[in-house]
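Data first, discussion second: the structure below is written as structure tokens.
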Amino acid sequence: FESRNHSLIKYCNDNFDEVFMSTGTSKMSEIEESVNLFTKARLYLMHCVSSYPCNPSIANIMKMVKLQTLNPDVGYSDHIQGVESAKVAIGFGAKVIEKHFTIDNNLPGRDNKFAILPEEFLSISKFRDNYIKMSLDRGLDLQECEKDIYNNYRGRWSK
């Protein structure tokens, strides 16, 4: 809800190199107005559905895609149980992920019930690393790793 606090936004813009701004509870017109206040700091615009825990059916990841038209650096403030939603967001362009983190889902407090555990956090990190590797543009032609098969086996089936 602070994404509409223009005094706070101006302060952050003037005093920090990077700002992560959640868009939960905000209309697109309000978000656009706030984004326009950033002139110095690098802004990460975090798509968020302010529901705890959030049901996957209302995650509205396409809003995050729309946020990219306002600001290229987007992220996902994820309140869905598990890690699949974070992986989906990465696939749709999230550069950063915010998840609630715990060492025990049975600890007291509302957030611990849907927070991720260390091994789940690690799985998001591994997914991100593989996603980046797999997304690198290696051209449309034959890759170096394919040349042995191309030169030594391909001719057996085609002339």
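Just so we're on the same page: first chain in the structure tokens is A, next is B, and so on; residues restart at 1 for each chain, and ligands are numbered from 1 in the order they show up.
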
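Residues of segment 44-145 of chain A that DSSP, applied to the backbone, places in strand (DSSP E): Tyr44, Leu45, Met46, His47, Cys48, Val74, Gly75, Tyr76, Ser77, Asp78, Val96, Ile97, Glu98 and Lys99 of chain A.
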
Next item on the list: Might you pull out every residue within 8 Å of segment 104-116 of chain A, with only C-alpha atoms counted and same-chain residues fewer than 4 positions away left off, and present them as an MDAnalysis selection string?
Entry: chainID A and resid 52:53 79:83 99:100 120:121

Checklist line | Contacts of His47 of chain A within 7 Å, only C-alpha atoms, excl. fewer than 3 positions in-chain, as a PyMOL selection string | finding: chain A and resi 22-24+64+75-77

Kindly export the residues of the current selection with N, CA, C and O atoms, as a short mmCIF file (atom, residue, chain, number, x, y, z; two decimals), in the first residue's frame.
data_model
loop_
_atom_site.label_atom_id
_atom_site.label_comp_id
_atom_site.auth_asym_id
_atom_site.auth_seq_id
_atom_site.Cartn_x
_atom_site.Cartn_y
_atom_site.Cartn_z
N SER A 22 6.56 -2.91 -4.22
CA SER A 22 5.44 -3.82 -4.39
C SER A 22 4.25 -3.07 -4.98
O SER A 22 4.03 -1.90 -4.67
N THR A 23 3.51 -3.76 -5.82
CA THR A 23 2.33 -3.14 -6.44
C THR A 23 1.03 -3.70 -5.89
O THR A 23 -0.04 -3.43 -6.43
N GLY A 24 1.12 -4.47 -4.81
CA GLY A 24 -0.09 -5.02 -4.20
C GLY A 24 -1.05 -3.92 -3.80
O GLY A 24 -0.63 -2.85 -3.35
N MET A 64 2.06 -8.86 -14.20
CA MET A 64 3.50 -8.63 -14.14
C MET A 64 4.03 -8.33 -15.53
O MET A 64 4.88 -7.45 -15.71
N GLY A 75 9.57 -7.91 -10.92
CA GLY A 75 9.75 -9.06 -10.06
C GLY A 75 8.40 -9.54 -9.59
O GLY A 75 7.35 -8.99 -9.95
N TYR A 76 8.44 -10.57 -8.76
CA TYR A 76 7.21 -11.17 -8.27
C TYR A 76 7.31 -11.34 -6.76
O TYR A 76 8.19 -12.02 -6.25
N SER A 77 6.40 -10.70 -6.06
CA SER A 77 6.28 -10.85 -4.62
C SER A 77 5.25 -11.96 -4.40
O SER A 77 4.05 -11.74 -4.53
#

Next item on the list: Would you please work out which residue, of A:Ile31, A:Leu45, A:Lys40, A:Gln143, is nearest to Lys95 of chain A when using only C-alpha atoms?
Entry: A:Leu45

Can you check which parts of segment 27-98 of chain A lie within 9 Å of segment 122-142 of chain A? Per residue, the shortest pair of atoms and distance in Å to one decimal, counting only C-alpha atoms, sorted by chain and number, as a tab-separated table.
residue	atom	partner	partner_atom	distance
A:Val83	CA	A:Ile124	CA	6.6
A:Glu84	CA	A:Ile124	CA	8.4
A:Ala86	CA	A:Ile124	CA	7.2
A:Lys87	CA	A:Ile124	CA	6.7
A:Ile90	CA	A:Arg128	CA	7.1
A:Gly91	CA	A:Tyr131	CA	7.8

Generate a file of the selected residues that holds C-alpha atoms, formatted as a PDB file, in the first residue's frame.
ATOM      1  CA  VAL A  83       7.797 -22.683  -5.424  1.00  0.00           C
ATOM      2  CA  GLU A  84       6.089 -23.436  -8.731  1.00  0.00           C
ATOM      3  CA  ALA A  86       7.986 -18.342  -8.558  1.00  0.00           C
ATOM      4  CA  LYS A  87       9.252 -20.510 -11.409  1.00  0.00           C
ATOM      5  CA  ILE A  90      10.696 -16.283 -13.834  1.00  0.00           C
ATOM      6  CA  GLY A  91       9.468 -17.731 -17.124  1.00  0.00           C
TER       7      GLY A  91
END

Using only C-alpha atoms, what table do you get, as JSON lines, when you list each residue of segment 37-108 of chain A with an atom no more than 6 Å from segment 2-20 of chain A, its nearest pair of atoms, and their distance in Å rounded to one decimal, rows by chain then rising number?
{"residue": "A:Phe38", "atom": "CA", "partner": "A:Asn13", "partner_atom": "CA", "distance": 5.7}
{"residue": "A:Lys40", "atom": "CA", "partner": "A:Asn13", "partner_atom": "CA", "distance": 5.8}
{"residue": "A:Ala41", "atom": "CA", "partner": "A:Asp17", "partner_atom": "CA", "distance": 4.7}
{"residue": "A:Arg42", "atom": "CA", "partner": "A:Glu18", "partner_atom": "CA", "distance": 4.6}
{"residue": "A:Leu43", "atom": "CA", "partner": "A:Val19", "partner_atom": "CA", "distance": 5.0}
{"residue": "A:Tyr44", "atom": "CA", "partner": "A:Phe20", "partner_atom": "CA", "distance": 4.7}

Next item on the list: List every residue of segment 30-118 of chain A that DSSP, applied to the backbone of this structure, assigns to helix (DSSP H, G or I), and report them as an MDAnalysis selection string.
Entry: chainID A and resid 30:35 56:58 61:67 84:91 111:113 118

Item checked: Separation of atom CA of Val96 of chain A from atom CA of Met46 of chain A, in Å and rounded to one decimal ->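 It comes out at 8.2 Å.
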
Checklist line | Phe92 of chain A surroundings by only C-alpha atoms, 8 Å radius, close-in-sequence under 4 positions cut, as a list of chain:residue names | finding: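 Once the adjacent positions are removed, what remains is A:Ile61, A:Met64, A:Val65, A:Val88.
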